[in-house]
file run_34.pdb (PDB, C-alpha atoms)
ATOM      1  CA  MET A 185       0.000   0.000   0.000
ATOM      2  CA  GLY A 186       1.326   3.442  -0.944
ATOM      3  CA  THR A 187       1.177   6.729   0.906
ATOM      4  CA  GLU A 188      -2.302   7.871   1.914
ATOM      5  CA  ILE A 189      -3.284  11.527   1.543
ATOM      6  CA  SER A 190      -6.512  12.863   3.026
ATOM      7  CA  ARG A 191      -8.659  15.618   1.551
ATOM      8  CA  PHE A 192      -6.565  15.854  -1.601
ATOM      9  CA  PRO A 193      -7.765  18.527  -4.105
ATOM     10  CA  LEU A 194      -9.162  17.009  -7.300
ATOM     11  CA  PHE A 195      -9.663  18.479 -10.768
ATOM     12  CA  PRO A 196     -11.938  16.187 -12.838
ATOM     13  CA  LEU A 197     -11.263  16.844 -16.526
ATOM     14  CA  GLY A 198     -11.909  15.318 -19.917
ATOM     15  CA  LEU A 199      -8.278  14.276 -20.244
ATOM     16  CA  VAL A 200      -5.805  11.808 -18.796
ATOM     17  CA  LEU A 201      -2.554  13.118 -17.328
ATOM     18  CA  LEU A 202       0.524  10.875 -17.241
ATOM     19  CA  PRO A 203       3.586  11.181 -14.980
ATOM     20  CA  GLY A 204       6.091  13.547 -16.558
ATOM     21  CA  GLU A 205       3.557  14.934 -19.034
ATOM     22  CA  PRO A 206       3.150  18.740 -19.239
ATOM     23  CA  VAL A 207      -0.374  20.024 -19.844
ATOM     24  CA  PRO A 208      -1.689  23.615 -20.130
ATOM     25  CA  LEU A 209      -4.878  24.392 -18.202
ATOM     26  CA  HIS A 210      -7.265  27.338 -18.310
ATOM     27  CA  VAL A 211      -8.820  27.716 -14.866
ATOM     28  CA  PHE A 212     -12.069  29.677 -14.905
ATOM     29  CA  GLU A 213     -14.623  28.130 -12.530
ATOM     30  CA  GLU A 214     -14.756  29.769  -9.089
ATOM     31  CA  ARG A 215     -14.175  26.515  -7.185
ATOM     32  CA  TYR A 216     -11.111  25.665  -9.228
ATOM     33  CA  LYS A 217      -9.739  29.200  -9.054
ATOM     34  CA  LEU A 218      -9.926  28.808  -5.270
ATOM     35  CA  MET A 219      -8.348  25.354  -5.385
ATOM     36  CA  ILE A 220      -5.460  26.353  -7.636
ATOM     37  CA  GLY A 221      -4.905  29.515  -5.593
ATOM     38  CA  GLU A 222      -4.524  27.428  -2.441
ATOM     39  CA  CYS A 223      -2.198  24.987  -4.195
ATOM     40  CA  LEU A 224      -0.017  27.891  -5.335
ATOM     41  CA  ASP A 225       0.036  29.489  -1.883
ATOM     42  CA  GLU A 226       0.827  26.209  -0.126
ATOM     43  CA  GLU A 227       3.092  24.835  -2.894
ATOM     44  CA  ARG A 228       1.094  21.631  -2.961
ATOM     45  CA  GLU A 229      -0.084  19.326  -5.711
ATOM     46  CA  PHE A 230      -3.602  18.448  -6.803
ATOM     47  CA  GLY A 231      -5.018  15.500  -8.696
ATOM     48  CA  ILE A 232      -6.256  15.340 -12.273
ATOM     49  CA  ILE A 233      -8.708  12.525 -12.785
ATOM     50  CA  TRP A 234     -10.467  11.588 -16.014
ATOM     51  CA  LEU A 235     -14.149  12.475 -16.169
ATOM     52  CA  ALA A 236     -15.095  10.006 -18.888
ATOM     53  CA  ASP A 237     -18.498   9.739 -20.545
ATOM     54  CA  ASP A 238     -19.524   6.885 -18.262
ATOM     55  CA  ALA A 239     -18.119   8.010 -14.909
ATOM     56  CA  LEU A 240     -15.271   9.556 -12.961
ATOM     57  CA  LYS A 241     -12.355   7.128 -13.002
ATOM     58  CA  ASP A 242     -10.792   5.786  -9.799
ATOM     59  CA  VAL A 243      -7.165   6.232 -10.907
ATOM     60  CA  GLY A 244      -5.712   9.649 -11.642
ATOM     61  CA  CYS A 245      -2.380  11.461 -11.586
ATOM     62  CA  CYS A 246      -1.028  14.060  -9.200
ATOM     63  CA  ALA A 247      -0.159  17.359 -10.854
ATOM     64  CA  ARG A 248       2.492  19.901  -9.928
ATOM     65  CA  ILE A 249       2.006  23.508 -11.047
ATOM     66  CA  MET A 250       5.095  24.350 -13.086
ATOM     67  CA  ARG A 251       4.271  27.818 -14.360
ATOM     68  CA  VAL A 252       1.593  30.477 -14.153
ATOM     69  CA  LEU A 253       1.381  31.804 -17.688
ATOM     70  CA  GLU A 254      -1.254  34.464 -17.163
ATOM     71  CA  ARG A 255      -3.464  35.875 -14.409
ATOM     72  CA  PHE A 256      -6.662  37.717 -15.314
ATOM     73  CA  ASP A 257      -8.387  40.451 -13.311
ATOM     74  CA  ASP A 258     -11.353  38.165 -12.616
ATOM     75  CA  GLY A 259      -9.122  35.486 -11.093
ATOM     76  CA  ARG A 260      -8.896  33.214 -14.119
ATOM     77  CA  LEU A 261      -5.533  31.568 -14.680
ATOM     78  CA  ASN A 262      -3.566  29.994 -17.483
ATOM     79  CA  ILE A 263      -1.128  27.507 -15.989
ATOM     80  CA  VAL A 264       1.112  24.627 -17.011
ATOM     81  CA  VAL A 265       1.135  21.521 -14.839
ATOM     82  CA  GLU A 266       3.219  18.361 -14.952
ATOM     83  CA  GLY A 267       2.097  14.897 -13.939
ATOM     84  CA  THR A 268       3.938  13.314 -11.011
ATOM     85  CA  THR A 269       2.503  10.222  -9.264
ATOM     86  CA  PRO A 270      -0.480   7.990 -10.098
ATOM     87  CA  PHE A 271      -3.072   7.643  -7.344
ATOM     88  CA  ARG A 272      -6.236   5.758  -6.551
ATOM     89  CA  LEU A 273      -9.270   7.631  -5.270
ATOM     90  CA  GLU A 274     -10.510   5.803  -2.183
ATOM     91  CA  ARG A 275     -13.401   8.090  -1.266
ATOM     92  CA  ARG A 276     -14.753  11.470  -2.314
ATOM     93  CA  ILE A 277     -14.979  14.386   0.132
ATOM     94  CA  GLY A 278     -17.940  16.713  -0.223
ATOM     95  CA  ASP A 279     -17.481  19.332   2.502
ATOM     96  CA  LEU A 280     -14.931  21.546   0.743
ATOM     97  CA  ALA A 281     -15.539  24.372  -1.712
ATOM     98  CA  TYR A 282     -13.984  22.274  -4.485
ATOM     99  CA  PRO A 283     -13.811  18.539  -5.297
ATOM    100  CA  ALA A 284     -11.499  16.540  -3.056
ATOM    101  CA  GLY A 285     -10.946  13.008  -1.862
ATOM    102  CA  ASP A 286      -8.855  10.612   0.160
ATOM    103  CA  ILE A 287      -6.267   9.024  -2.113
ATOM    104  CA  VAL A 288      -3.515   6.414  -2.073
ATOM    105  CA  LEU A 289      -0.369   6.985  -4.134
ATOM    106  CA  LEU A 290       0.399   4.028  -6.396
ATOM    107  CA  ASP A 291       3.821   2.438  -6.743
ATOM    108  CA  ASP A 292       5.038   0.299  -9.631
ATOM    109  CA  ASP A 293       6.308  -3.204  -9.091
ATOM    110  CA  ASP A 294      10.034  -3.755  -9.594
ATOM    111  CA  ALA A 295       9.787  -5.705 -12.848
ATOM    112  CA  THR A 296      12.036  -4.704 -15.744
ATOM    113  CA  ASP A 297      12.317  -6.012 -19.298
ATOM    114  CA  ASP A 298      15.073  -4.595 -21.494
ATOM    115  CA  ALA A 299      13.778  -6.449 -24.562
ATOM    116  CA  ALA A 300      10.272  -5.000 -24.153
ATOM    117  CA  ALA A 301      11.763  -1.533 -23.751
ATOM    118  CA  ALA A 302      13.845  -1.919 -26.907
ATOM    119  CA  ARG A 303      10.865  -3.124 -28.949
ATOM    120  CA  ALA A 304       8.626  -0.293 -27.733
ATOM    121  CA  ARG A 305      11.289   2.340 -28.408
ATOM    122  CA  SER A 306      11.889   0.967 -31.896
ATOM    123  CA  ALA A 307       8.160   1.040 -32.684
ATOM    124  CA  TYR A 308       7.954   4.566 -31.252
ATOM    125  CA  ALA A 309      10.891   5.726 -33.384
ATOM    126  CA  ASP A 310       9.311   4.191 -36.501
ATOM    127  CA  LEU A 311       6.084   6.062 -35.822
ATOM    128  CA  VAL A 312       7.775   9.391 -35.107
ATOM    129  CA  GLU A 313       9.888   9.051 -38.254
ATOM    130  CA  GLN A 314       6.806   8.309 -40.351
ATOM    131  CA  VAL A 315       5.008  11.401 -39.033
ATOM    132  CA  THR A 316       7.888  13.906 -38.846
ATOM    133  CA  ASP A 317      10.469  12.485 -41.319
ATOM    134  CA  GLU A 318      12.985  12.609 -38.455
ATOM    135  CA  ARG A 319      13.953   9.632 -36.330
ATOM    136  CA  PRO A 320      14.737  10.220 -32.644
ATOM    137  CA  ASP A 321      18.380   9.596 -31.853
ATOM    138  CA  ASP A 322      19.368   6.613 -29.744
ATOM    139  CA  GLU A 323      20.408   8.733 -26.768
ATOM    140  CA  ALA A 324      17.038  10.485 -26.601
ATOM    141  CA  LEU A 325      15.195   7.177 -27.002
ATOM    142  CA  ALA A 326      17.150   5.592 -24.161
ATOM    143  CA  GLU A 327      15.790   8.236 -21.778
ATOM    144  CA  LEU A 328      12.156   7.460 -22.569
ATOM    145  CA  GLY A 329      10.025   5.084 -20.582
ATOM    146  CA  ALA A 330       6.435   4.164 -21.368
ATOM    147  CA  TYR A 331       4.972   7.337 -19.899
ATOM    148  CA  GLY A 332       7.551   9.502 -21.667
ATOM    149  CA  MET A 333       6.770   8.024 -25.068
ATOM    150  CA  ALA A 334       3.011   8.155 -24.587
ATOM    151  CA  ALA A 335       3.124  11.780 -23.422
ATOM    152  CA  THR A 336       4.616  12.972 -26.722
ATOM    153  CA  LEU A 337       1.926  11.447 -28.944
ATOM    154  CA  ASP A 338      -1.789  12.010 -29.446
ATOM    155  CA  ILE A 339      -3.152   8.904 -27.734
ATOM    156  CA  ALA A 340      -6.841   8.367 -26.984
ATOM    157  CA  PRO A 341      -7.806   8.981 -23.343
ATOM    158  CA  ALA A 342      -8.971   5.400 -22.852
ATOM    159  CA  ALA A 343      -5.564   4.068 -23.925
ATOM    160  CA  LYS A 344      -3.755   6.559 -21.683
ATOM    161  CA  GLN A 345      -6.000   5.619 -18.771
ATOM    162  CA  SER A 346      -5.139   1.971 -19.292
ATOM    163  CA  LEU A 347      -1.432   2.818 -19.128
ATOM    164  CA  LEU A 348      -1.963   4.873 -15.975
ATOM    165  CA  GLU A 349      -3.749   2.018 -14.229
ATOM    166  CA  LEU A 350      -1.015  -0.539 -14.958
ATOM    167  CA  ARG A 351       1.566  -1.031 -12.236
ATOM    168  CA  SER A 352       4.075  -2.859 -14.429
ATOM    169  CA  GLU A 353       6.428  -0.955 -16.740
ATOM    170  CA  PRO A 354       7.059  -4.016 -18.976
ATOM    171  CA  VAL A 355       3.317  -4.461 -19.486
ATOM    172  CA  ARG A 356       2.938  -0.756 -20.305
ATOM    173  CA  LEU A 357       5.751  -1.072 -22.844
ATOM    174  CA  GLU A 358       4.134  -4.084 -24.490
ATOM    175  CA  GLN A 359       0.816  -2.249 -24.686
ATOM    176  CA  LEU A 360       2.493   0.767 -26.240
ATOM    177  CA  GLU A 361       4.373  -1.333 -28.777
ATOM    178  CA  ALA A 362       1.040  -2.664 -30.031
ATOM    179  CA  LEU A 363      -0.490   0.834 -30.106
ATOM    180  CA  PHE A 364       2.452   2.262 -32.046
ATOM    181  CA  ALA A 365       2.426  -0.604 -34.543
ATOM    182  CA  GLU A 366      -1.297  -0.196 -35.159
ATOM    183  CA  ALA A 367      -0.976   3.574 -35.588
ATOM    184  CA  LEU A 368       1.898   3.125 -38.045
ATOM    185  CA  LYS A 369      -0.153   0.609 -40.008
ATOM    186  CA  ARG A 370      -3.092   3.038 -40.256
ATOM    187  CA  ILE A 371      -0.859   5.884 -41.397
ATOM    188  CA  ARG A 372       0.790   3.790 -44.097
ATOM    189  CA  THR A 373      -2.571   2.472 -45.280
ATOM    190  CA  ALA A 374      -3.946   6.014 -45.500
ATOM    191  CA  ALA A 375      -0.866   7.090 -47.469
ATOM    192  CA  ARG A 376      -1.354   4.248 -49.966
ATOM    193  CA  VAL A 377      -5.040   5.100 -50.365
ATOM    194  CA  ALA A 378      -4.194   8.755 -50.972
ATOM    195  CA  GLU A 379      -1.560   7.779 -53.518
ATOM    196  CA  GLN A 380      -4.030   5.581 -55.365
ATOM    197  CA  ALA A 381      -6.635   8.340 -55.352
ATOM    198  CA  SER A 382      -4.162  10.814 -56.821
ATOM    199  CA  GLY A 383      -3.437   8.337 -59.613
ATOM    200  CA  ASN A 384      -7.121   7.728 -60.457
ATOM    201  CA  GLY A 385      -7.140   4.486 -58.546
ATOM    202  CA  HIS A 386      -4.245   2.860 -60.380
ATOM    203  CA  LEU A 387      -1.405   1.455 -58.337
ATOM    204  CA  LYS A 388       2.109   2.177 -59.427
ATOM    205  CA  PRO A 389       4.265  -0.731 -60.556
ATOM    206  CA  GLY A 390       5.562  -2.676 -57.574
ATOM    207  CA  ASN A 391       2.613  -1.761 -55.306
TER     208      ASN A 391
END
call {"tool": "encode", "arguments": {"input": "run_34.pdb", "output": "structure tokens"}}
result
Amino acid sequence: MGTEISRFPLFPLGLVLLPGEPVPLHVFEERYKLMIGECLDEEREFGIIWLADDALKDVGCCARIMRVLERFDDGRLNIVVEGTTPFRLERRIGDLAYPAGDIVLLDDDDATDDAAAARARSAYADLVEQVTDERPDDEALAELGAYGMAATLDIAPAAKQSLLELRSEPVRLEQLEALFAEALKRIRTAARVAEQASGNGHLKPGN
């Protein structure tokens, strides 16, 4: 069991935050202006938790406020936060001016898998190269874990939530490898379809 934190401020949003991922937020509701103001004054974190179509998820990610980009006269804020530690919401607290809950910080198991990491990084590099025409260098790739790779790509919230809920880095890497391979396949298929369309439906020799 990880560290327990009582009455932890919560920010339900339509997004999933991952550890190490920077995200800009526009804070405009009164309750969240109050919450973020307190977090700034007390230099404390708050939790971002995915408000999906079906329900509020049980697992979220703690967020540290990295920068205040802009303060407005009416109290609205533009800020940048960074994900830190996954947590599980144990119970919701309803007596504060903003959403809060009792949480437990979640630790990973100690499993490692160098082969899974290499495969995921290779699939990630293939995908990035396909999209940007530039392949990440080996040194940069070596610094990226599952969360780091996922944070740089446009991944559906459900897939990111699945990664956040896993407590095994090798399993996250295997899941990402499959996601990257599928995305690369879709991109290449779309490129072939576009090429055929530009040639009136006729494939070029060798296709």
call {"tool": "residues_near_point", "arguments": {"input": "run_34.pdb", "point": "(8.7, -1.1, -7.2)", "cutoff": "12 Å", "atoms": "all atoms listed in the file", "output": "ChimeraX atom specification"}}
result
/A:185-186,290-296,351-353
call {"tool": "closest_residue", "arguments": {"input": "run_34.pdb", "among": "A:Phe364, A:Tyr308, A:Phe230, A:Phe192", "to": "Thr268 (chain A)", "atoms": "all atoms listed in the file"}}
result
A:Phe230
call {"tool": "residues_around", "arguments": {"input": "run_34.pdb", "residues": "region 275-289 of chain A", "least_positions_apart": "5", "cutoff": "8 Å", "atoms": "all atoms listed in the file", "output": "compact mmCIF listing (two decimals) with C-alpha atoms, in the frame of the given file"}}
result
# COMPACT_ATOMS: atom_id res chain seq x y z
CA MET A 185 0.00 0.00 0.00
CA GLY A 186 1.33 3.44 -0.94
CA THR A 187 1.18 6.73 0.91
CA GLU A 188 -2.30 7.87 1.91
CA ILE A 189 -3.28 11.53 1.54
CA SER A 190 -6.51 12.86 3.03
CA ARG A 191 -8.66 15.62 1.55
CA PHE A 192 -6.56 15.85 -1.60
CA PRO A 193 -7.76 18.53 -4.11
CA LEU A 194 -9.16 17.01 -7.30
CA PHE A 195 -9.66 18.48 -10.77
CA ARG A 215 -14.18 26.52 -7.18
CA TYR A 216 -11.11 25.66 -9.23
CA LEU A 218 -9.93 28.81 -5.27
CA MET A 219 -8.35 25.35 -5.38
CA THR A 269 2.50 10.22 -9.26
CA PRO A 270 -0.48 7.99 -10.10
call {"tool": "closest_residue", "arguments": {"input": "run_34.pdb", "among": "A:Leu240, A:Arg305, A:Tyr331, A:Leu348", "to": "Arg319 (chain A)", "atoms": "all atoms listed in the file"}}
result
A:Arg305
call {"tool": "residues_around", "arguments": {"input": "run_34.pdb", "residues": "Arg260 (chain A)", "least_positions_apart": "2", "cutoff": "7 Å", "atoms": "all atoms listed in the file", "output": "MDAnalysis selection string"}}
result
chainID A and resid 211:212 217 255:256 258
call {"tool": "write_last_selection", "arguments": {"input": "run_34.pdb", "atoms": "C-alpha atoms", "output": "PDB file, in the coordinates of the input"}}
result
ATOM      1  CA  VAL A 211      -8.820  27.716 -14.866  1.00  0.00           C
ATOM      2  CA  PHE A 212     -12.069  29.677 -14.905  1.00  0.00           C
ATOM      3  CA  LYS A 217      -9.739  29.200  -9.054  1.00  0.00           C
ATOM      4  CA  ARG A 255      -3.464  35.875 -14.409  1.00  0.00           C
ATOM      5  CA  PHE A 256      -6.662  37.717 -15.314  1.00  0.00           C
ATOM      6  CA  ASP A 258     -11.353  38.165 -12.616  1.00  0.00           C
TER       7      ASP A 258
END
call {"tool": "resolve_selection", "arguments": {"input": "run_34.pdb", "expression": "the PyMOL selection byres ((chain A and resi 228) around 12)", "output": "PyMOL selection string"}}
result
chain A and resi 189+192-193+219-227+229-231+246-250+265+268
